[in-house]
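*Asks:* You'll find run-v3.txt just under this line, and it carries compact mmCIF, C-alpha atoms and all ligand atoms.
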```
# COMPACT_ATOMS: atom_id res chain seq x y z
CA MET A 1 1.53 7.09 -16.23
CA THR A 2 4.71 8.89 -15.21
CA ALA A 3 8.02 7.03 -15.10
CA ARG A 4 7.99 7.35 -11.33
CA GLY A 5 4.43 5.97 -11.20
CA ALA A 6 5.41 3.04 -13.40
CA VAL A 7 8.34 2.20 -11.11
CA ALA A 8 6.10 2.42 -8.02
CA ARG A 9 3.56 0.11 -9.67
CA ARG A 10 6.31 -2.45 -10.34
CA ALA A 11 7.73 -2.00 -6.83
CA ARG A 12 4.38 -2.69 -5.18
CA ARG A 13 4.43 -6.27 -6.51
CA ILE A 14 7.95 -7.18 -5.35
CA ARG A 15 8.38 -10.08 -2.93
CA LEU A 16 11.94 -11.17 -3.81
CA LEU A 17 14.90 -8.79 -3.96
CA VAL A 18 18.00 -10.18 -5.66
CA THR A 19 21.25 -8.27 -5.92
CA ASP A 20 24.57 -8.72 -7.62
CA VAL A 21 27.50 -8.25 -5.21
CA ASP A 22 30.60 -6.69 -6.87
CA GLY A 23 29.79 -3.22 -8.17
CA VAL A 24 26.43 -3.05 -6.34
CA LEU A 25 27.22 -3.87 -2.72
CA THR A 26 30.82 -2.77 -3.35
CA ASP A 27 32.37 -0.17 -5.62
CA GLY A 28 33.59 -3.01 -7.81
CA ARG A 29 37.20 -2.94 -6.71
CA MET A 30 38.74 -6.09 -5.29
CA VAL A 31 41.84 -6.27 -3.15
CA LEU A 32 43.75 -9.51 -3.65
CA SER A 33 46.64 -10.72 -1.56
CA GLU A 34 49.47 -12.72 -3.10
CA ARG A 35 47.86 -15.81 -1.58
CA GLY A 36 44.60 -15.01 -3.39
CA ASP A 37 42.68 -13.85 -0.32
CA GLU A 38 40.20 -11.14 -1.30
CA LEU A 39 39.06 -8.05 0.54
CA LYS A 40 36.04 -5.93 -0.40
CA PHE A 41 34.47 -2.80 1.05
CA PHE A 42 30.77 -3.15 1.92
CA HIS A 43 28.54 -0.33 3.15
CA SER A 44 27.08 -0.83 6.62
CA ARG A 45 23.79 0.84 5.64
CA ASP A 46 23.27 -1.88 3.04
CA GLY A 47 23.62 -4.37 5.90
CA VAL A 48 20.75 -2.69 7.73
CA ALA A 49 18.88 -2.66 4.42
CA VAL A 50 18.86 -6.47 4.39
CA ALA A 51 17.42 -6.48 7.92
CA LEU A 52 14.75 -3.97 6.86
CA ALA A 53 13.90 -5.99 3.74
CA ASN A 54 13.52 -9.18 5.77
CA ARG A 55 11.41 -7.39 8.36
CA GLY A 56 9.32 -5.79 5.63
CA GLY A 57 8.42 -9.23 4.26
CA LEU A 58 10.79 -9.41 1.27
CA ARG A 59 12.89 -12.47 0.50
CA THR A 60 16.51 -11.62 -0.31
CA ALA A 61 19.29 -13.21 -2.37
CA PHE A 62 22.88 -12.40 -3.40
CA VAL A 63 24.12 -13.53 -6.81
CA THR A 64 27.74 -13.23 -7.89
CA GLY A 65 29.81 -14.42 -10.79
CA GLU A 66 32.75 -14.84 -8.45
CA LYS A 67 33.66 -17.81 -6.28
CA SER A 68 33.66 -15.47 -3.33
CA PRO A 69 33.95 -16.57 0.31
CA VAL A 70 33.64 -12.87 1.21
CA ALA A 71 30.22 -12.58 -0.45
CA GLN A 72 29.12 -15.80 1.26
CA ALA A 73 30.33 -14.53 4.65
CA ARG A 74 28.59 -11.17 4.20
CA ALA A 75 25.32 -12.89 3.24
CA ASP A 76 25.55 -15.30 6.18
CA LYS A 77 26.14 -12.47 8.62
CA LEU A 78 23.17 -10.48 7.33
CA GLY A 79 20.68 -13.36 7.11
CA VAL A 80 20.26 -13.25 3.33
CA GLY A 81 17.81 -15.93 2.16
CA ALA A 82 19.95 -17.42 -0.63
CA VAL A 83 23.44 -16.98 -2.08
CA VAL A 84 24.51 -18.11 -5.55
CA LEU A 85 28.26 -18.06 -6.26
CA GLU A 86 29.97 -18.49 -9.65
CA ALA A 87 26.80 -17.47 -11.49
CA ARG A 88 27.70 -16.86 -15.12
CA ARG A 89 24.11 -17.03 -16.43
CA LYS A 90 22.31 -14.78 -14.01
CA GLY A 91 19.03 -14.70 -15.91
CA GLU A 92 18.63 -18.42 -15.38
CA VAL A 93 19.75 -18.05 -11.77
CA LEU A 94 16.99 -15.48 -11.21
CA GLU A 95 14.43 -17.88 -12.70
CA ASP A 96 15.71 -20.67 -10.41
CA LEU A 97 15.52 -18.42 -7.34
CA CYS A 98 11.94 -17.44 -8.18
CA ALA A 99 11.04 -21.13 -8.53
CA GLN A 100 12.81 -21.93 -5.25
CA PHE A 101 10.87 -19.23 -3.38
CA GLY A 102 7.61 -19.88 -5.24
CA ILE A 103 7.53 -16.30 -6.54
CA SER A 104 6.76 -15.15 -10.09
CA LEU A 105 9.38 -13.21 -12.08
CA ASP A 106 7.01 -10.23 -12.00
CA ALA A 107 7.42 -10.18 -8.22
CA SER A 108 11.23 -10.18 -8.39
CA ALA A 109 13.52 -7.17 -8.33
CA TYR A 110 17.12 -7.44 -9.50
CA ILE A 111 19.94 -4.94 -8.91
CA GLY A 112 22.99 -5.04 -11.18
CA ASP A 113 25.91 -2.99 -12.44
CA ASP A 114 27.44 -4.73 -15.45
CA LEU A 115 26.88 -6.83 -18.58
CA LEU A 116 26.57 -10.18 -16.78
CA ASP A 117 23.50 -8.71 -15.03
CA VAL A 118 21.65 -7.81 -18.23
CA PRO A 119 19.94 -11.23 -18.67
CA ALA A 120 18.58 -11.03 -15.11
CA LEU A 121 17.53 -7.39 -15.54
CA GLN A 122 15.64 -8.33 -18.70
CA ARG A 123 13.62 -10.91 -16.74
CA ALA A 124 12.97 -9.12 -13.43
CA GLY A 125 9.67 -7.42 -12.67
CA LEU A 126 11.67 -4.45 -11.40
CA ALA A 127 15.11 -4.05 -13.02
CA ILE A 128 17.47 -1.70 -11.19
CA ALA A 129 20.93 -0.45 -12.18
CA VAL A 130 23.32 1.47 -9.91
CA ALA A 131 24.18 5.07 -10.77
CA ASP A 132 27.62 4.29 -12.17
CA ALA A 133 26.55 1.31 -14.30
CA PRO A 134 27.45 1.59 -18.00
CA ARG A 135 24.80 2.70 -20.48
CA GLU A 136 24.25 -0.83 -21.81
CA VAL A 137 23.02 -1.73 -18.31
CA THR A 138 21.07 1.40 -17.38
CA GLU A 139 19.12 1.25 -20.64
CA VAL A 140 17.56 -2.11 -19.72
CA ALA A 141 16.72 -0.93 -16.17
CA HIS A 142 13.36 0.43 -15.04
CA PHE A 143 15.10 2.44 -12.33
CA VAL A 144 18.62 3.78 -11.75
CA THR A 145 19.67 4.47 -8.18
CA ARG A 146 21.08 7.79 -7.06
CA ALA A 147 23.80 5.91 -5.18
CA ARG A 148 26.82 4.45 -6.90
CA GLY A 149 27.79 0.85 -6.21
CA GLY A 150 29.08 0.36 -2.68
CA GLN A 151 27.51 3.64 -1.52
CA GLY A 152 24.14 2.48 -0.18
CA ALA A 153 22.41 1.47 -3.43
CA LEU A 154 20.75 -1.55 -1.80
CA ARG A 155 19.38 0.64 0.99
CA GLU A 156 17.89 2.98 -1.62
CA CYS A 157 16.20 0.03 -3.36
CA VAL A 158 14.75 -1.41 -0.14
CA GLU A 159 13.33 2.01 0.72
CA LEU A 160 11.88 2.39 -2.78
CA ILE A 161 10.12 -0.98 -2.62
CA LEU A 162 8.87 -0.77 0.97
CA ARG A 163 7.64 2.81 0.44
CA ALA A 164 5.70 1.69 -2.65
CA GLN A 165 4.17 -1.06 -0.51
CA GLY A 166 3.29 1.39 2.28
CA ALA A 167 5.51 -0.55 4.68
CA TRP A 168 8.60 1.66 5.03
CA THR A 169 7.69 3.80 8.06
CA ALA A 170 6.34 0.91 10.13
CA THR A 171 9.35 -1.26 9.23
CA VAL A 172 11.83 1.44 10.25
CA GLU A 173 9.97 2.11 13.50
CA ALA A 174 9.87 -1.59 14.32
CA TYR A 175 13.61 -1.90 13.63
CA VAL A 176 14.48 1.09 15.82
CA THR A 177 12.16 -0.08 18.61
CA GLU A 178 13.64 -3.58 18.44
CA HIS A 179 17.04 -2.01 19.10
CA GLY A 180 15.92 -0.03 22.14
CA GLY A 181 14.54 3.10 20.48
CA ARG A 182 11.34 4.79 21.53
CA PRO A 183 8.32 5.15 19.24
CA ARG A 184 8.86 8.19 17.03
CA ARG A 185 6.44 10.66 18.68
CA ALA A 186 7.86 10.02 22.15
CA SER A 187 11.43 10.40 20.95
CA ARG A 188 10.64 13.75 19.27
CA ARG A 189 9.43 15.16 22.59
CA THR A 190 12.53 13.81 24.29
CA ILE A 191 14.90 15.28 21.73
CA GLY A 192 13.14 18.65 22.04
CA ALA A 193 13.30 18.65 25.85
CA PHE A 194 16.78 17.28 26.37
CA PRO A 195 18.98 20.18 25.20
CA ARG A 196 16.91 22.82 27.01
CA GLU A 197 17.21 20.94 30.29
CA HIS A 198 20.96 21.02 29.76
CA GLY A 199 21.16 24.58 28.61
CA GLY A 200 21.71 23.73 24.94
CA HIS A 201 19.76 24.62 21.84
CA ALA A 202 16.74 22.77 20.57
CA PRO A 203 17.47 21.15 17.20
MG MG B 1 28.75 -6.69 -10.64
```
Turn this file's structure into C-alpha cells for me.
*Replies:*
Amino acid sequence: MTARGAVARRARRIRLLVTDVDGVLTDGRMVLSERGDELKFFHSRDGVAVALANRGGLRTAFVTGEKSPVAQARADKLGVGAVVLEARRKGEVLEDLCAQFGISLDASAYIGDDLLDVPALQRAGLAIAVADAPREVTEVAHFVTRARGGQGALRECVELILRAQGAWTATVEAYVTEHGGRPRRASRRTIGAFPREHGGHAP
C-alpha cells in the first residue's frame, strides 16, 4: 500500500479530530501585554474547518498546554466539542477525550507541532504534524500538512479526512447552501452567464 493509501485508510476511520492550539492553529507566536493579556493570530479558514468537521459528522476538541482564555474563546465561538487547557500530558488527555466521546483511539486524529504533542501523536489513529514542526515530531506522524501552523493546517486536515470518507463535496455544498449559495451546477451556469450579460469576459 502506498503512503498516501495508508493515510487514507487511517483517515476513513476517524470520528474525533483533536488539535493542539499554539503552533497549529497559530504560528506559535504569542503577544503578551505587560498585564499578561495574550493575543494570538488564528486563520479564519480554520474556523470554517471546524464548522465543516462538525457538519461532516466529526467530533472536535482543542488541547493546549497553556492556561489560555484566548483558546477557550476561540473554541467557544466555533462550537468545538471539548477544550482542555493546561494539558501537560496530552497522550492521557487524548485517551480521556476518546473515553468521553465513546470513540476508540484508532478513530481519533491528533494534530500537533511540538514535543508535548508526541505522546498524543503516538496514540492517535491518524497522527498529523504541521509542515514546520521539528523532525522529532514529523517522524512520529503518519501525515505532515503542506500548511505551516497558523496557515490553514486544520482546514487541510478536515479536507483530508472528509475526502477519505467520501463526505467532502456534500459537506461543502451543504455549508455553502446553508449560507445562501446555490447548488453547484446552478451557480456554474450563473457565473458563466453573468459577465456576458454585462459585457465582461467569461471566467
Ligand atoms: Mg503547540
*Asks:* Rank nothing, just name the residue among A:Ala71, A:Val118, A:Leu162, A:Val137 nearest to Phe41 in chain A, using all atoms listed in the file.
*Replies:*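 With all atoms listed in the file as the atom set, the closest residue is A:Ala71.
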*Asks:* Using all atoms listed in the file, which residues of chain A come within 12 Å of ligand MG 1 (chain B), and what is the closest atom pair for each, with the distance in Å to one decimal? Give it as CSV, sorted by chain and residue number.
*Replies:*
```
residue,atom,partner,partner_atom,distance
A:Thr19,CA,B:MG1,MG,9.0
A:Asp20,CA,B:MG1,MG,5.5
A:Val21,CA,B:MG1,MG,5.8
A:Asp22,CA,B:MG1,MG,4.2
A:Gly23,CA,B:MG1,MG,4.4
A:Val24,CA,B:MG1,MG,6.1
A:Leu25,CA,B:MG1,MG,8.5
A:Thr26,CA,B:MG1,MG,8.5
A:Asp27,CA,B:MG1,MG,9.0
A:Gly28,CA,B:MG1,MG,6.7
A:Arg29,CA,B:MG1,MG,10.0
A:Met30,CA,B:MG1,MG,11.3
A:Phe62,CA,B:MG1,MG,10.9
A:Val63,CA,B:MG1,MG,9.1
A:Thr64,CA,B:MG1,MG,7.2
A:Gly65,CA,B:MG1,MG,7.8
A:Glu66,CA,B:MG1,MG,9.3
A:Ala71,CA,B:MG1,MG,11.9
A:Glu86,CA,B:MG1,MG,11.9
A:Ala87,CA,B:MG1,MG,11.0
A:Arg88,CA,B:MG1,MG,11.2
A:Lys90,CA,B:MG1,MG,10.9
A:Tyr110,CA,B:MG1,MG,11.7
A:Ile111,CA,B:MG1,MG,9.1
A:Gly112,CA,B:MG1,MG,6.0
A:Asp113,CA,B:MG1,MG,5.0
A:Asp114,CA,B:MG1,MG,5.4
A:Leu115,CA,B:MG1,MG,8.2
A:Leu116,CA,B:MG1,MG,7.4
A:Asp117,CA,B:MG1,MG,7.1
A:Val118,CA,B:MG1,MG,10.5
A:Ala120,CA,B:MG1,MG,11.9
A:Ala129,CA,B:MG1,MG,10.1
A:Val130,CA,B:MG1,MG,9.8
A:Asp132,CA,B:MG1,MG,11.1
A:Ala133,CA,B:MG1,MG,9.1
A:Pro134,CA,B:MG1,MG,11.2
A:Val137,CA,B:MG1,MG,10.8
A:Arg148,CA,B:MG1,MG,11.9
A:Gly149,CA,B:MG1,MG,8.8
A:Gly150,CA,B:MG1,MG,10.6
```
*Asks:* Export C-alpha atoms of the chosen residues as a compact mmCIF listing (two decimals), keeping the file's coordinate frame?
*Replies:*
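The new file part.txt reads:
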```
# COMPACT_ATOMS: atom_id res chain seq x y z
CA THR A 19 21.25 -8.27 -5.92
CA ASP A 20 24.57 -8.72 -7.62
CA VAL A 21 27.50 -8.25 -5.21
CA ASP A 22 30.60 -6.69 -6.87
CA GLY A 23 29.79 -3.22 -8.17
CA VAL A 24 26.43 -3.05 -6.34
CA LEU A 25 27.22 -3.87 -2.72
CA THR A 26 30.82 -2.77 -3.35
CA ASP A 27 32.37 -0.17 -5.62
CA GLY A 28 33.59 -3.01 -7.81
CA ARG A 29 37.20 -2.94 -6.71
CA MET A 30 38.74 -6.09 -5.29
CA PHE A 62 22.88 -12.40 -3.40
CA VAL A 63 24.12 -13.53 -6.81
CA THR A 64 27.74 -13.23 -7.89
CA GLY A 65 29.81 -14.42 -10.79
CA GLU A 66 32.75 -14.84 -8.45
CA ALA A 71 30.22 -12.58 -0.45
CA GLU A 86 29.97 -18.49 -9.65
CA ALA A 87 26.80 -17.47 -11.49
CA ARG A 88 27.70 -16.86 -15.12
CA LYS A 90 22.31 -14.78 -14.01
CA TYR A 110 17.12 -7.44 -9.50
CA ILE A 111 19.94 -4.94 -8.91
CA GLY A 112 22.99 -5.04 -11.18
CA ASP A 113 25.91 -2.99 -12.44
CA ASP A 114 27.44 -4.73 -15.45
CA LEU A 115 26.88 -6.83 -18.58
CA LEU A 116 26.57 -10.18 -16.78
CA ASP A 117 23.50 -8.71 -15.03
CA VAL A 118 21.65 -7.81 -18.23
CA ALA A 120 18.58 -11.03 -15.11
CA ALA A 129 20.93 -0.45 -12.18
CA VAL A 130 23.32 1.47 -9.91
CA ASP A 132 27.62 4.29 -12.17
CA ALA A 133 26.55 1.31 -14.30
CA PRO A 134 27.45 1.59 -18.00
CA VAL A 137 23.02 -1.73 -18.31
CA ARG A 148 26.82 4.45 -6.90
CA GLY A 149 27.79 0.85 -6.21
CA GLY A 150 29.08 0.36 -2.68
```
*Asks:* What separation in Å, quoted to one decimal, exists between CA of Val50 in chain A and CA of Gln151 in chain A?
*Replies:* 14.6 Å
*Asks:* If I wrap all listed atoms of range 8-11 of chain A in a box with edges along x, y and z and add 8 Å on each side, what are its centre and edge lengths in Å to one decimal, as JSON?
*Replies:*
```
{"center_x": 5.6, "center_y": 0.0, "center_z": -8.6, "size_x": 20.2, "size_y": 20.9, "size_z": 19.5}
```
*Asks:* Which distance in Å separates CA of Lys40 in chain A and CA of Glu92 in chain A, to one decimal?
*Replies:* 26.1 Å
*Asks:* Rounded to one decimal, what separation in Å do you get between CA of Ala170 in chain A and CA of His142 in chain A?
*Replies:*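 These atoms are spaced 26.1 Å apart.
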*Asks:* Out of A:Ile161, A:Ala153, A:Ala6, A:Leu105, which residue has the shortest atom-to-atom distance to Phe42 in chain A when counting all atoms listed in the file?
*Replies:*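 Closest to Phe42 in chain A, using all atoms listed in the file: A:Ala153.
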*Asks:* Around (28.4, -15.5, 1.2), as given in the file, which residues come within 12 Å? Count all atoms listed in the file and list them as a PyMOL selection string.
*Replies:* chain A and resi 20-21+61-64+66-86
*Asks:* Between A:Ala11, A:Ala51, A:Arg163, A:Ile128, which one has atoms that come closest to Arg146 in chain A, using only C-alpha atoms?
*Replies:* A:Ile128
*Asks:* For Arg155 in chain A, which of A:Ala107, A:Val172, A:Ala141, A:Met1 is the closest residue, counting only C-alpha atoms?
*Replies:*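 Looking only at the distances to Arg155 in chain A, the closest residue turns out to be A:Val172.
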*Asks:* Give the answer as one residue: which of A:Arg135, A:Arg9, A:Arg59, A:Arg123 has the shortest atom-to-atom distance to Leu160 in chain A, using only C-alpha atoms?
*Replies:*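 Counting only C-alpha atoms, the residue closest to Leu160 in chain A is A:Arg9.
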*Asks:* Return the single residue from A:Ala124, A:Val93, A:Leu154, A:Ala164 that is closest to Leu52 in chain A, with distances computed using only C-alpha atoms.
*Replies:*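 Among A:Ala124, A:Val93, A:Leu154, A:Ala164, it is A:Leu154 that comes nearest to Leu52 in chain A.
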